[in-house]
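I have placed the structure first, in the form of C-alpha cells, so that the comments after it can refer back to it.
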Amino acid sequence: MTATHDPTIPPPRRLKPWNAVEKGLARVGITGRMLVLIAPLIWLLVFFLVPLAVVFGISLANKQFGRPPYTPLLTSEEGTVQLTLHLNNYIRLFTDNLYVAAYLSSIRIAAIATIITLLVGYPMAYAIARAPDRWRNILLMLVVLPFFTSFLLRVYALTGFMRGNGVINQFLGLFGIEPIVMMQTDFAVYVGIVYTYLPFMILPLYTTLVKLDVSLFEASADLGARPIHTFLFVTLPLSLPGIIAGSMLVFIPAIGEFVIPSLLGGPETLMIGRVLWDEFFSATNWPRASAVAVAMLLVVVVPIMLLQRAQGAVVEK
Amino acid sequence: MKKSLAIALGAVLAASPAIAQEEPVLNVYNWSDYIAEDTIANFEAETGIQVNYDVYDNNEIVDAKLLAGNSGYDIVVPSGNFLERQIQAGLILELDKSKLTNLGNLDPAVMATAANQDPDNAHAVPYMINTIGLGYNTAKVTEALGPDADLESWDLLFKPEVVEKLAGCGVAVLDSPSEVMGIALHYLGLDPNSESEEDLAAAEALMNSIKPSIRYFHSSQYIDDLGNGEICLALGYSGDIFIAADAAAAAGQGVEVTYLIPKEGAATLFDFLAIPADAPHPENAHAFINYILEPEVVAAITNYVFYANPNLPALEFVDEEVKSNPGIYPPAETIEKAFVMQAHSPDYEEVLTRTWTRIKTGQ
C-alpha cells in the first residue's frame, strides 16, 4: 500500500518507537490494518476452527472403550503412516431415523418458539421505542435485568410456576379448575425458550424501531392511512432488519438448546442437544456425538446464510 | 527412546527426597449427599491432609471425566457396572493392600459378589450398598388404587392396568438404560444381565406398554417431585427416595413417601471407592480409603445417608432405627432375590442405548 500525501496537510503525528515498528513490519509486508484484523482472526482460529477441527477429526474415528475413547486416525506401522477415516458415523445419521427426526424436531421447536418470541417481543420493543425519553432507559434496563441471575436458575424457577401444585395451578384452583399438567410437555419448552430468549429479540427490534423517523408515520397518516395500514406498510417493512436479526439470535441457539428441554420437556420432546448428550454420556460414543455436532453445525449454518443474505438484500434496498 | 528417557527421568525423580513425600492434599469426587457432615473434617484433623470435595449425580459424568483423562481426582465412587468397564479400560489404579490395614472389616460375602466386577477385589473397595426400588406417595397411591391394592410388587410400575391409574398423579423412571432394562428383564423372569436380542425386545415391549403412563425419565428430578407431591410413584435409588421421604416429613405438607423393595427382588448396586490411574495423590487416597474402612467412621456415614455399608464391625455403631429399616438393611429373603448389574459389551451397550432412546422418544 503506497499512501500519497497532499503536501499541504502534515502527516499525522506518531510516537517515534511505533514509527520504527511500523516500518519494520511494513518491510515484511504487514500493515496496521492487518494487525487489527489479526486479533479476531487468532481468536476465531484458536476458539472456533481448531476445536471444530478436533471435533471433526473425532467424528471420523471409531468408538473404543479406553482413553481416549476413540480410535486414532493416524497409525504408524513399520515406518508407514496410515490414515484411517471412518465414515460410518455420518452414514448412520441417515440410516437411523432418530437423527433426522431429532434435527427436524429441533428446527420445528426453534421455529415455533422464534415466531412466538417475535409476536411477544415486537409490541414490547415498539412500546419502548415510542416511550418518553426518561422512561426508555428504565424500560430497557428491565429487559436486561433478568441476565443478572443465572440462566439455569431462571429456567428452574419456571418449574415453580408450571408444576402441578405450582403458582398457576394454585391460582386456577381458586376458581375450582383442576390442575393442568404443564411440566414435561412441549408447551413448557416453548414457555422456557420464549422467556429466556425474549431480550435477544427485543433489543435488536428496539434499535431498529427507535431509529425510524416519526415524520414517516405522520406522512402516512396525513395521506389517509389508518394506523393499521401505517403499521403494515410503513413500520413493519422498515423494521425488517431488526426482525431478521432478532429472529436469528433466538432461532440459532434454540436449535441446539439442551438445558430447557431437559428441565422442562417431557420424554417425547426430541431435540438434537439431548440426543448429543445421550451419545456422549450414555453410549460413551464420542465419534458419533461429534458427527451429530458437525451435522448440526451444517444444519444451522445454512439457515444463517439464508437469513444473512435476506438481511443484506433488505439493507441494500 | 522415549520410554528410556521416561525411565531415566523417573529414576531421577524417585531418588530426590522431595518427591517421596506427597503434598498433603486429596481431591475427592463423590455422589451428592453421600457422606456424613463431619467425615471430611475429621479426616483432615486426623491426618493433616487437606481435602477438596466435589460432587456429582450420575455415573456417566465420572466415566466421561476418567475417559478424558487428567481429571485431577484421587478418589472416585463409581457404581459396580461402571467400575467394571473402567478397570478393563485401565482407568483405575490397582490398590496397594499393604496400606489398607482395615480391609479385613469388610463382609466376605459382599467382597465375593464384588469380585464379579472387580476380579480379586484388586482395584476398589465397596463403599455403600444401594438398591433400586419404588418410592411412592402412600396416600395418593392408596387413593388411586383402592385399599386392597398390592403395594409390595413391581406390578405397581410394570402392569399397564395398574400404572395407568397412577399416571394422573405422576410416574417417574430413572433415565438409566442398563438399570431400568435390567429390572424389566428381571420382572419378566429373564436374566437381568442378558444380552440376547429377544430378551431385549421383550423388555422393550414391556416398557412400551407402560410408557403412556410415565411422565418423565430423569435420574434426580424425582427426589424433589416425590417429596413435594408432584409425582406419586418413582423408580429410583433407595437413598434418594429416603431423602425424598425425609424432605416430605420435614415440609409437613402431609406427604408421606414409602420406599419399597418389591417382593420379586430388586437391583442391588455397590458403589466403590476407587483411585484413578492418573491420580496425583495415590498415597493420600489409600489413607482416605483406610480411614473410611474404620467401623465408627463408616457407621456414622450410614446413619447420616441411610445406605447400608458392607463393614461387619460397623454394624454395632449403626443406629437402631437405620438397622431395623428393611429398605436399608433388607431381610435375608430379600437379599436372596436381589440381583447385581454387570457391565455390558460395547456392542450391546450401543444397541441398548438406541433401544432406550426409542422407548423414551418413540423414534
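Going through the C-alpha cells in order, the chains are called A, B, and so on, while each chain numbers its residues from 1 and the ligands are numbered from 1 in the order shown.
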Quick one: which chain B residues come within 6 Å of chain A, and what is the nearest atom pair for each with the distance in Å to one decimal, counting only C-alpha atoms, rows ordered by chain and ascending number, as JSON lines?
```
{"residue": "B:Glu60", "atom": "CA", "partner": "A:Phe281", "partner_atom": "CA", "distance": 5.4}
{"residue": "B:Leu67", "atom": "CA", "partner": "A:Arg67", "partner_atom": "CA", "distance": 5.0}
{"residue": "B:Ala89", "atom": "CA", "partner": "A:Gly66", "partner_atom": "CA", "distance": 4.7}
{"residue": "B:Tyr216", "atom": "CA", "partner": "A:Pro267", "partner_atom": "CA", "distance": 5.6}
{"residue": "B:Glu230", "atom": "CA", "partner": "A:Gly164", "partner_atom": "CA", "distance": 6.0}
{"residue": "B:Glu350", "atom": "CA", "partner": "A:Ala283", "partner_atom": "CA", "distance": 6.0}
{"residue": "B:Lys360", "atom": "CA", "partner": "A:Pro267", "partner_atom": "CA", "distance": 5.3}
{"residue": "B:Thr361", "atom": "CA", "partner": "A:Glu268", "partner_atom": "CA", "distance": 4.4}
{"residue": "B:Gln363", "atom": "CA", "partner": "A:Leu98", "partner_atom": "CA", "distance": 5.4}
```
From a DSSP pass on the backbone, collect the residues of stretch 147-250 of chain B flagged as strand (DSSP E) and hand them back as a list of chain:residue names. B:Val171, B:Ala172, B:Val173, B:Tyr216, B:Phe217, B:Leu233, B:Ala234, B:Leu235, B:Gly236, B:Tyr237
Tell me which protein, DNA and RNA residues are within 10 Å of A:Leu152, counting only C-alpha atoms, leaving out same-chain ones fewer than 3 positions away, and put them as a PDB file with C-alpha atoms, in the first residue's frame.
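Done, and the output landed in around-v9.pdb:
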```pdb
ATOM      1  CA  THR A 149     -29.452 -14.042  37.641  1.00  0.00           C
ATOM      2  CA  VAL A 155     -35.340 -21.888  33.849  1.00  0.00           C
ATOM      3  CA  TYR A 156     -35.558 -23.899  37.029  1.00  0.00           C
ATOM      4  CA  ALA A 157     -37.716 -21.216  38.625  1.00  0.00           C
ATOM      5  CA  THR A 196     -35.204 -16.812  28.252  1.00  0.00           C
ATOM      6  CA  VAL A 259     -30.967 -27.151  29.296  1.00  0.00           C
ATOM      7  CA  ILE A 260     -34.545 -26.054  28.595  1.00  0.00           C
ATOM      8  CA  LEU A 263     -35.507 -29.360  32.661  1.00  0.00           C
TER       9      LEU A 263
END
```
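Here atom CA of B:Ala285 and atom CA of B:Met341 stand 26.7 Å from one another.
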Within stretch 8-187 of chain A, find each residue whose DSSP state, derived from the backbone, is helix (DSSP H, G or I), and express the selection as a VMD selection string. chain A and resid 16 to 27 32 to 59 88 to 95 97 to 130 133 to 148 151 to 162 167 to 174 186 to 187
Identify, on the basis of only C-alpha atoms, every residue whose closest approach to stretch 220-229 of chain B does not exceed 7 Å; exclude the query and any residue fewer than 3 positions from it along the same chain; express the result as a PyMOL selection string. chain B and resi 172+232+234+240-241+244-245+247-248+255
Kindly give the distance, in Å, that separates atom CA of A:Met182 and atom CA of A:Leu118, rounded to a single decimal. 22.4 Å
